[in-house]
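This is structure-v7.pdb. It holds PDB, C-alpha atoms and all ligand atoms.
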ATOM      1  CA  MET A 330      -6.354  -7.874-200.509  1.00  0.00           C
ATOM      2  CA  TYR A 331      -4.375  -8.796-197.435  1.00  0.00           C
ATOM      3  CA  VAL A 332      -5.006  -6.552-194.472  1.00  0.00           C
ATOM      4  CA  CYS A 333      -2.874  -8.404-191.940  1.00  0.00           C
ATOM      5  CA  ILE A 334       0.219 -10.059-193.341  1.00  0.00           C
ATOM      6  CA  CYS A 335       1.245 -11.565-190.000  1.00  0.00           C
ATOM      7  CA  HIS A 336      -1.948 -13.631-189.765  1.00  0.00           C
ATOM      8  CA  ALA A 337      -2.920 -13.828-193.435  1.00  0.00           C
ATOM      9  CA  LEU A 338      -6.186 -11.982-192.789  1.00  0.00           C
ATOM     10  CA  ASN A 339      -7.586 -10.627-195.996  1.00  0.00           C
ATOM     11  CA  ASP A 340     -10.377  -8.056-196.292  1.00  0.00           C
ATOM     12  CA  LYS A 341     -13.018 -10.772-196.592  1.00  0.00           C
ATOM     13  CA  LYS A 342     -11.959 -12.317-193.302  1.00  0.00           C
ATOM     14  CA  VAL A 343     -11.945  -8.916-191.604  1.00  0.00           C
ATOM     15  CA  LYS A 344     -15.387  -8.102-193.029  1.00  0.00           C
ATOM     16  CA  ALA A 345     -16.695 -11.455-191.871  1.00  0.00           C
ATOM     17  CA  ALA A 346     -15.534 -10.665-188.348  1.00  0.00           C
ATOM     18  CA  LEU A 347     -17.132  -7.202-188.522  1.00  0.00           C
ATOM     19  CA  ASP A 348     -20.383  -8.704-189.804  1.00  0.00           C
ATOM     20  CA  GLN A 349     -20.426 -11.053-186.837  1.00  0.00           C
ATOM     21  CA  GLY A 350     -20.059  -8.312-184.268  1.00  0.00           C
ATOM     22  CA  ALA A 351     -16.403  -7.356-184.109  1.00  0.00           C
ATOM     23  CA  THR A 352     -16.025  -3.599-183.707  1.00  0.00           C
ATOM     24  CA  THR A 353     -12.303  -3.095-183.114  1.00  0.00           C
ATOM     25  CA  PRO A 354      -9.068  -4.564-184.487  1.00  0.00           C
ATOM     26  CA  ALA A 355      -8.652  -6.441-181.197  1.00  0.00           C
ATOM     27  CA  SER A 356     -12.058  -8.049-181.603  1.00  0.00           C
ATOM     28  CA  VAL A 357     -11.229  -8.933-185.217  1.00  0.00           C
ATOM     29  CA  PHE A 358      -8.101 -10.704-183.966  1.00  0.00           C
ATOM     30  CA  ARG A 359     -10.085 -12.444-181.236  1.00  0.00           C
ATOM     31  CA  HIS A 360     -12.642 -13.549-183.821  1.00  0.00           C
ATOM     32  CA  HIS A 361      -9.853 -15.259-185.754  1.00  0.00           C
ATOM     33  CA  ASN A 362      -8.150 -16.628-182.622  1.00  0.00           C
ATOM     34  CA  CYS A 363      -4.988 -14.588-182.972  1.00  0.00           C
ATOM     35  CA  GLN A 364      -3.330 -11.521-181.465  1.00  0.00           C
ATOM     36  CA  VAL A 365      -1.748  -8.442-182.931  1.00  0.00           C
ATOM     37  CA  GLN A 366       1.924  -8.899-183.737  1.00  0.00           C
ATOM     38  CA  CYS A 367       3.525  -6.024-185.640  1.00  0.00           C
ATOM     39  CA  GLY A 368       0.429  -3.801-185.601  1.00  0.00           C
ATOM     40  CA  LYS A 369       0.848  -2.442-189.141  1.00  0.00           C
ATOM     41  CA  CYS A 370      -2.665  -3.626-190.019  1.00  0.00           C
ATOM     42  CA  VAL A 371      -4.386  -1.904-187.104  1.00  0.00           C
ATOM     43  CA  PRO A 372      -5.030   1.481-188.831  1.00  0.00           C
ATOM     44  CA  THR A 373      -6.549  -0.289-191.849  1.00  0.00           C
ATOM     45  CA  MET A 374      -8.718  -2.457-189.610  1.00  0.00           C
ATOM     46  CA  ARG A 375      -9.820   0.613-187.669  1.00  0.00           C
ATOM     47  CA  SER A 376     -10.909   2.386-190.851  1.00  0.00           C
ATOM     48  CA  MET A 377     -12.699  -0.758-192.073  1.00  0.00           C
ATOM     49  CA  ALA A 378     -14.505  -0.972-188.720  1.00  0.00           C
ATOM     50  CA  SER A 379     -15.563   2.684-188.845  1.00  0.00           C
ATOM     51  CA  GLU A 380     -16.790   2.292-192.438  1.00  0.00           C
ATOM     52  CA  HIS A 381     -18.706  -0.800-191.351  1.00  0.00           C
ATOM     53  CA  ARG A 382     -20.316   1.145-188.493  1.00  0.00           C
ATOM     54  CA  ALA A 383     -21.246   3.970-190.890  1.00  0.00           C
ATOM     55  CA  VAL A 384     -22.956   1.492-193.201  1.00  0.00           C
ATOM     56  CA  LEU A 385     -24.859  -0.004-190.264  1.00  0.00           C
ATOM     57  CA  VAL A 386     -25.990   3.473-189.174  1.00  0.00           C
ATOM     58  CA  GLN A 387     -27.173   4.250-192.708  1.00  0.00           C
ATOM     59  CA  GLN A 388     -29.059   0.955-192.881  1.00  0.00           C
ATOM     60  CA  ALA A 389     -30.700   1.638-189.525  1.00  0.00           C
ATOM     61  CA  ALA A 390     -31.739   5.117-190.680  1.00  0.00           C
ATOM     62  CA  ALA A 391     -33.157   3.702-193.915  1.00  0.00           C
ATOM     63  CA  ALA A 392     -35.057   1.032-191.989  1.00  0.00           C
ATOM     64  CA  THR A 393     -36.477   3.701-189.691  1.00  0.00           C
ATOM     65  CA  THR A 394     -37.586   5.765-192.681  1.00  0.00           C
ATOM     66  CA  ILE A 395     -39.214   2.752-194.319  1.00  0.00           C
ATOM     67  CA  ALA A 396     -41.008   1.889-191.071  1.00  0.00           C
ATOM     68  CA  ALA A 397     -42.232   5.492-190.739  1.00  0.00           C
ATOM     69  CA  VAL A 398     -43.534   5.493-194.326  1.00  0.00           C
ATOM     70  CA  ALA A 399     -45.210   2.137-193.767  1.00  0.00           C
ATOM     71  CA  ALA A 400     -46.863   3.418-190.577  1.00  0.00           C
ATOM     72  CA  THR A 401     -48.063   6.547-192.399  1.00  0.00           C
ATOM     73  CA  SER A 402     -49.448   4.617-195.336  1.00  0.00           C
ATOM     74  CA  ALA A 403     -51.158   2.179-192.973  1.00  0.00           C
ATOM     75  CA  THR A 404     -53.260   5.035-191.597  1.00  0.00           C
ATOM     76  CA  ALA A 405     -53.940   6.608-195.005  1.00  0.00           C
ATOM     77  CA  PRO A 406     -57.174   5.809-196.842  1.00  0.00           C
ATOM     78  CA  CYS A 407     -57.007   2.702-198.953  1.00  0.00           C
ATOM     79  CA  CYS A 408     -57.976   4.378-202.191  1.00  0.00           C
ATOM     80  CA  GLY A 409     -55.430   7.164-202.388  1.00  0.00           C
ATOM     81  CA  PRO A 410     -55.457  10.638-200.960  1.00  0.00           C
ATOM     82  CA  ALA A 411     -58.565  11.848-199.204  1.00  0.00           C
ATOM     83  CA  ILE A 412     -60.928  13.767-201.436  1.00  0.00           C
ATOM     84  CA  PRO A 413     -61.881  17.062-199.825  1.00  0.00           C
ATOM     85  CA  GLU A 414     -65.529  17.768-199.164  1.00  0.00           C
ATOM     86  CA  PRO A 415     -67.002  20.217-201.659  1.00  0.00           C
ATOM     87  CA  ALA A 416     -67.708  23.701-200.407  1.00  0.00           C
ATOM     88  CA  ASN A 417     -71.445  23.123-200.853  1.00  0.00           C
ATOM     89  CA  ALA A 418     -71.578  19.682-199.208  1.00  0.00           C
ATOM     90  CA  GLU A 419     -75.124  20.465-198.084  1.00  0.00           C
ATOM     91  CA  ALA A 420     -76.340  20.443-201.649  1.00  0.00           C
ATOM     92  CA  ILE A 421     -77.469  16.953-202.567  1.00  0.00           C
ATOM     93  CA  PRO A 422     -77.560  16.247-206.260  1.00  0.00           C
ATOM     94  CA  ALA A 423     -80.936  15.464-207.723  1.00  0.00           C
ATOM     95  CA  TYR A 424     -79.959  11.908-208.655  1.00  0.00           C
ATOM     96  CA  ALA A 425     -78.970  11.232-205.005  1.00  0.00           C
ATOM     97  CA  VAL A 426     -82.409  12.383-203.790  1.00  0.00           C
ATOM     98  CA  ALA A 427     -84.102  10.208-206.372  1.00  0.00           C
ATOM     99  CA  ALA A 428     -82.146   7.174-205.189  1.00  0.00           C
ATOM    100  CA  GLU A 429     -83.322   7.574-201.557  1.00  0.00           C
TER
HETATM  101  S1  LIG B 501       0.134  -7.069-190.164  1.00  0.00           S
HETATM  102 FE1  LIG B 501      -1.377  -7.481-188.701  1.00  0.00          FE
HETATM  103  S2  LIG B 501      -0.274  -7.871-186.906  1.00  0.00           S
HETATM  104 FE2  LIG B 501       1.239  -7.589-188.388  1.00  0.00          FE
END
Structure rendered as structure tokens:
Amino acid sequence: MYVCICHALNDKKVKAALDQGATTPASVFRHHNCQVQCGKCVPTMRSMASEHRAVLVQQAAAATTIAAVAATSATAPCCGPAIPEPANAEAIPAYAVAAE
């Protein structure tokens, strides 16, 4: 789909510019070495840029969550959840005494 008719910029070219750091329609034009002419594409480029930012924010939040889970699991015991001590931990089973 063409976003900018004046410069033949389709959505793939606009997305490529956004992926490489463009954040505004002006920076998309700069990325493609052109300048705004009629300006009819600017609202569409603005909405594409805001959607792109929203996706980046979601990806950053997901990466943070994954890192937090990884940090939590790194401190957890290796063999699953900790088994609580029995209420009568003092009582040593007879087979344990025999083994000592
Ligand atoms: S349609 Fe983009 S400048 Fe005219």
For the file shown, what are the residues hit by the PyMOL selection byres (((chain A and resi 342) around 12) and not hetatm), laid out as a short mmCIF file (atom, residue, chain, number, x, y, z; two decimals) with C-alpha atoms, in the frame of the given file?
data_model
loop_
_atom_site.label_atom_id
_atom_site.label_comp_id
_atom_site.auth_asym_id
_atom_site.auth_seq_id
_atom_site.Cartn_x
_atom_site.Cartn_y
_atom_site.Cartn_z
CA MET A 330 -6.35 -7.87 -200.51
CA TYR A 331 -4.38 -8.80 -197.44
CA VAL A 332 -5.01 -6.55 -194.47
CA CYS A 333 -2.87 -8.40 -191.94
CA HIS A 336 -1.95 -13.63 -189.76
CA ALA A 337 -2.92 -13.83 -193.44
CA LEU A 338 -6.19 -11.98 -192.79
CA ASN A 339 -7.59 -10.63 -196.00
CA ASP A 340 -10.38 -8.06 -196.29
CA LYS A 341 -13.02 -10.77 -196.59
CA VAL A 343 -11.94 -8.92 -191.60
CA LYS A 344 -15.39 -8.10 -193.03
CA ALA A 345 -16.70 -11.46 -191.87
CA ALA A 346 -15.53 -10.66 -188.35
CA LEU A 347 -17.13 -7.20 -188.52
CA ASP A 348 -20.38 -8.70 -189.80
CA GLN A 349 -20.43 -11.05 -186.84
CA ALA A 351 -16.40 -7.36 -184.11
CA VAL A 357 -11.23 -8.93 -185.22
CA PHE A 358 -8.10 -10.70 -183.97
CA HIS A 360 -12.64 -13.55 -183.82
CA HIS A 361 -9.85 -15.26 -185.75
CA MET A 374 -8.72 -2.46 -189.61
CA MET A 377 -12.70 -0.76 -192.07
#
Hey, could you make a per-residue contact list for chain A against ligand LIG 501 (chain B) with 6 Å as the cut-off, showing the nearest pair of atoms and its distance in Å to one decimal, counting all atoms listed in the file, sorted by chain and number, as CSV?
residue,atom,partner,partner_atom,distance
A:Cys333,CA,B:LIG501,FE1,3.7
A:Ile334,CA,B:LIG501,S1,4.4
A:Cys335,CA,B:LIG501,FE2,4.3
A:Val365,CA,B:LIG501,S2,4.3
A:Gln366,CA,B:LIG501,S2,4.0
A:Cys367,CA,B:LIG501,FE2,3.9
A:Gly368,CA,B:LIG501,S2,4.3
A:Lys369,CA,B:LIG501,S1,4.8
A:Cys370,CA,B:LIG501,FE1,4.3
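The space between atom CA of A:Ala399 and atom CA of A:Ala383 spans 24.2 Å.
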Pairwise distance, atom CA of A:Gly350 with atom CA of A:Ala378, equals 10.2 Å
Between atom CA of A:Thr353 and atom CA of A:Glu380, what is the distance, to one decimal in Å?
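Taking atom CA of A:Thr353 as the start and atom CA of A:Glu380 as the end point, the length is 11.7 Å.
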